[in-house]
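Structure record follows, encoded as structure tokens.
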Amino acid sequence: MHSRECYEVAVKHGKPVIVMEPVKGGTLAKLPADAEKLFRDDSMSIPSWAIRFVASLDNVMVVLSGMSSIEQMDNNTAYMQDFKPLSEDEKKLCFKAADIINSQIAIPCTGCSYCTEGCPMKIAIPKYFSLYNENMRDDMEEKGWTINFSNYGNLVSSGFGKASDCIACGQCEEVCPQHLPIIENLKKVAAHFER
Ligand code: SF4
Ligand code: SF4
């Protein structure tokens, strides 16, 4: 289930919500240039937009943000101390940024996992797509290596089939609500992570 769906169920039942990873493991701190310029004239930091967005939602009781420096902690506490929810216009900016981010995702898999249950090769399809998307978002030429290569290897060692184990049976593509060309995408994943 997506975080949005979980959130909506909690709100429907009047439950308080605790948000983890509001900056998506740091990925929302580094936006595509087109999205970043939407926030450039603002004195607030880019990650603060992600945190303030979720903190502005109904029923949100706590937002847990991982911090790796004193500067990040100072920044987070500064705007949370006297927290002001985002205005409607500010929320619109966030949705605009989300559209730009989503349009640049290499494989638009939603992580629903409908495809995995019937896979005879036990391939961790959405997990691999997520790692691949992260690497495509990163400047791989500059970095050369990312933690996602290890994460891919760890998934394979823990018993999942490799992307290259796909036998093209087509089961996954039949059930994918996004109609993704999973078999072709797994070839890209294999070429990237198994080289
Ligand atoms: S086509 Fe490949 S990934 Fe899809 S279910 Fe068959 S073996 Fe698994
Ligand atoms: S069914 Fe499609 S959208 Fe859902 S996890 Fe599998 S590939 Fe992604």
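Ordered as shown in the structure tokens, chains take letters A, B, and onward, while each chain numbers its residues from 1 and ligands are numbered from 1 in the order shown.
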Using only C-alpha atoms and all ligand atoms, which residues have at least one atom no more than 7 Å from ligand 2? Output them as a list in words. Cys109, Thr110, Gly111, Cys112, Ser113, Tyr114, Cys115, Thr116, Ile125, Pro126, Cys172, Val175, Cys176, Pro177, Gln178, His179, Leu180 and Ile182 of chain A
So that I have them on file, write out the residues from the current selection with C-alpha atoms, as a PDB file, in the first residue's frame.
ATOM      1  CA  CYS A 109       6.537   1.884 -11.150  1.00  0.00           C
ATOM      2  CA  THR A 110       4.282   2.716  -8.223  1.00  0.00           C
ATOM      3  CA  GLY A 111       5.597  -0.139  -6.045  1.00  0.00           C
ATOM      4  CA  CYS A 112       2.178  -1.790  -5.728  1.00  0.00           C
ATOM      5  CA  SER A 113       3.840  -5.230  -5.996  1.00  0.00           C
ATOM      6  CA  TYR A 114       0.935  -6.881  -7.824  1.00  0.00           C
ATOM      7  CA  CYS A 115       3.506  -8.295 -10.212  1.00  0.00           C
ATOM      8  CA  THR A 116       5.669 -10.164  -7.721  1.00  0.00           C
ATOM      9  CA  ILE A 125      10.579  -6.265  -9.531  1.00  0.00           C
ATOM     10  CA  PRO A 126       9.484  -3.042  -7.760  1.00  0.00           C
ATOM     11  CA  CYS A 172       3.847  -9.671 -14.360  1.00  0.00           C
ATOM     12  CA  VAL A 175      -1.279  -7.777 -13.894  1.00  0.00           C
ATOM     13  CA  CYS A 176       0.652  -4.482 -13.841  1.00  0.00           C
ATOM     14  CA  PRO A 177      -1.912  -1.684 -13.424  1.00  0.00           C
ATOM     15  CA  GLN A 178       0.582   0.760 -14.953  1.00  0.00           C
ATOM     16  CA  HIS A 179       0.998  -1.459 -18.050  1.00  0.00           C
ATOM     17  CA  LEU A 180       4.751  -1.222 -17.752  1.00  0.00           C
ATOM     18  CA  ILE A 182       8.474  -4.998 -17.183  1.00  0.00           C
TER      19      ILE A 182
END
Chain A residues near ligand 1 within 10 Å, closest pair each, using only C-alpha atoms and all ligand atoms, as CSV:
residue,atom,partner,partner_atom_place_in_ligand_line,distance
A:Cys115,CA,ligand 1,5 (S),6.7
A:Thr116,CA,ligand 1,5 (S),6.9
A:Glu117,CA,ligand 1,5 (S),8.4
A:Gly118,CA,ligand 1,5 (S),6.1
A:Cys119,CA,ligand 1,5 (S),3.7
A:Pro120,CA,ligand 1,7 (S),5.6
A:Met121,CA,ligand 1,7 (S),5.2
A:Lys122,CA,ligand 1,8 (Fe),6.6
A:Ile123,CA,ligand 1,8 (Fe),5.8
A:Ala124,CA,ligand 1,3 (S),8.2
A:Ile125,CA,ligand 1,3 (S),6.6
A:Gly161,CA,ligand 1,8 (Fe),8.7
A:Lys162,CA,ligand 1,3 (S),9.4
A:Ala163,CA,ligand 1,3 (S),7.4
A:Ser164,CA,ligand 1,2 (Fe),8.6
A:Asp165,CA,ligand 1,7 (S),6.9
A:Cys166,CA,ligand 1,2 (Fe),3.7
A:Ile167,CA,ligand 1,7 (S),4.5
A:Ala168,CA,ligand 1,1 (S),3.7
A:Cys169,CA,ligand 1,6 (Fe),4.0
A:Gly170,CA,ligand 1,1 (S),4.0
A:Gln171,CA,ligand 1,5 (S),4.5
A:Cys172,CA,ligand 1,4 (Fe),4.2
A:Glu173,CA,ligand 1,4 (Fe),6.4
A:Glu174,CA,ligand 1,4 (Fe),8.8
A:Val175,CA,ligand 1,5 (S),9.5
A:Cys176,CA,ligand 1,4 (Fe),9.8
A:Pro181,CA,ligand 1,1 (S),9.5
A:Ile182,CA,ligand 1,4 (Fe),6.6
A:Ile183,CA,ligand 1,1 (S),5.5
A:Glu184,CA,ligand 1,1 (S),9.3
A:Asn185,CA,ligand 1,3 (S),9.6
A:Leu186,CA,ligand 1,3 (S),7.3
A:Lys187,CA,ligand 1,2 (Fe),9.9
Mind dumping a table of every stretch 82-189 of chain A residue within 10 Å of stretch 10-31 of chain A, with the nearest atom pair and its distance in Å to one decimal, using only C-alpha atoms, sorted by chain and rising number, as a Markdown table?
| residue | atom | partner | partner_atom | distance |
| --- | --- | --- | --- | --- |
| A:Ala97 | CA | A:Leu31 | CA | 8.4 |
| A:Ala98 | CA | A:Leu31 | CA | 9.6 |
| A:Ile100 | CA | A:Leu31 | CA | 9.2 |
| A:Ile101 | CA | A:Leu31 | CA | 7.3 |
| A:Glu134 | CA | A:Thr27 | CA | 8.3 |
| A:Arg137 | CA | A:Thr27 | CA | 9.0 |
| A:Asp138 | CA | A:Thr27 | CA | 9.3 |
For the selection you just gave me, I'd like the residues written to a file as a PDB file, in the first residue's frame, keeping N, CA and C atoms.
ATOM      1  N   ALA A  97       6.183  20.721  -8.283  1.00  0.00           N
ATOM      2  CA  ALA A  97       7.519  20.098  -8.184  1.00  0.00           C
ATOM      3  C   ALA A  97       7.395  18.579  -8.285  1.00  0.00           C
ATOM      4  N   ALA A  98       6.350  18.018  -7.643  1.00  0.00           N
ATOM      5  CA  ALA A  98       6.156  16.555  -7.680  1.00  0.00           C
ATOM      6  C   ALA A  98       5.917  16.093  -9.112  1.00  0.00           C
ATOM      7  N   ILE A 100       7.057  17.469 -11.821  1.00  0.00           N
ATOM      8  CA  ILE A 100       8.343  17.512 -12.540  1.00  0.00           C
ATOM      9  C   ILE A 100       9.201  16.310 -12.151  1.00  0.00           C
ATOM     10  N   ILE A 101       9.251  16.017 -10.841  1.00  0.00           N
ATOM     11  CA  ILE A 101      10.055  14.877 -10.368  1.00  0.00           C
ATOM     12  C   ILE A 101       9.531  13.586 -10.993  1.00  0.00           C
ATOM     13  N   GLU A 134      16.577   5.382  -8.678  1.00  0.00           N
ATOM     14  CA  GLU A 134      17.457   6.226  -7.851  1.00  0.00           C
ATOM     15  C   GLU A 134      18.789   6.457  -8.555  1.00  0.00           C
ATOM     16  N   ARG A 137      18.487   8.890 -11.339  1.00  0.00           N
ATOM     17  CA  ARG A 137      18.321  10.269 -10.870  1.00  0.00           C
ATOM     18  C   ARG A 137      19.674  10.853 -10.472  1.00  0.00           C
ATOM     19  N   ASP A 138      20.527   9.990  -9.926  1.00  0.00           N
ATOM     20  CA  ASP A 138      21.857  10.448  -9.535  1.00  0.00           C
ATOM     21  C   ASP A 138      22.707  10.659 -10.776  1.00  0.00           C
TER      22      ASP A 138
END
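Inside chain A, the residues DSSP reads as strand (DSSP E) when given the backbone are A:Val17, A:Ile18, A:Val19, A:Met20, A:Val60, A:Met61, A:Val62, A:Val63, A:Leu64.
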So how many Å separate atom CA of A:Val60 and atom CA of A:Lys84, to one decimal? 13.6 Å
Show me, as a PyMOL selection string, the residues that have an atom within 9 Å of stretch 74-78 of chain A when counting only C-alpha atoms, minus same-chain residues fewer than 6 positions from it. chain A and resi 44-45+47-48+51+65+67
Minimum-distance residue to A:Leu57, chosen among A:Glu71, A:Glu36, A:Glu8, A:Asp89 (using only C-alpha atoms): A:Glu8
Could you pull the residues within 12 Å of A:Asp99, counting only C-alpha atoms, minus those fewer than 6 positions along the same chain, as a ChimeraX atom specification? /A:31-32,34-35,92-93,105
Which of stretch 21-182 of chain A DSSP labels helix (DSSP H, G or I), written as number ranges by chain: A: 27-29, 33-39, 46-55, 70-81, 88-103, 125-137, 140-143, 147-157, 163-165, 171-175, 182
Identify which of the residues A:Ser158, A:Asp42, A:Ala50, A:Phe193 lies closest to A:Thr146, counting only C-alpha atoms when measuring atom-to-atom distances. A:Phe193
Give me the residues within 10 Å of A:Asn151 as JSON, numbers by chain, counting only C-alpha atoms and dropping any in the same chain fewer than 6 places off. {"A": [127, 128, 131, 157, 193]}
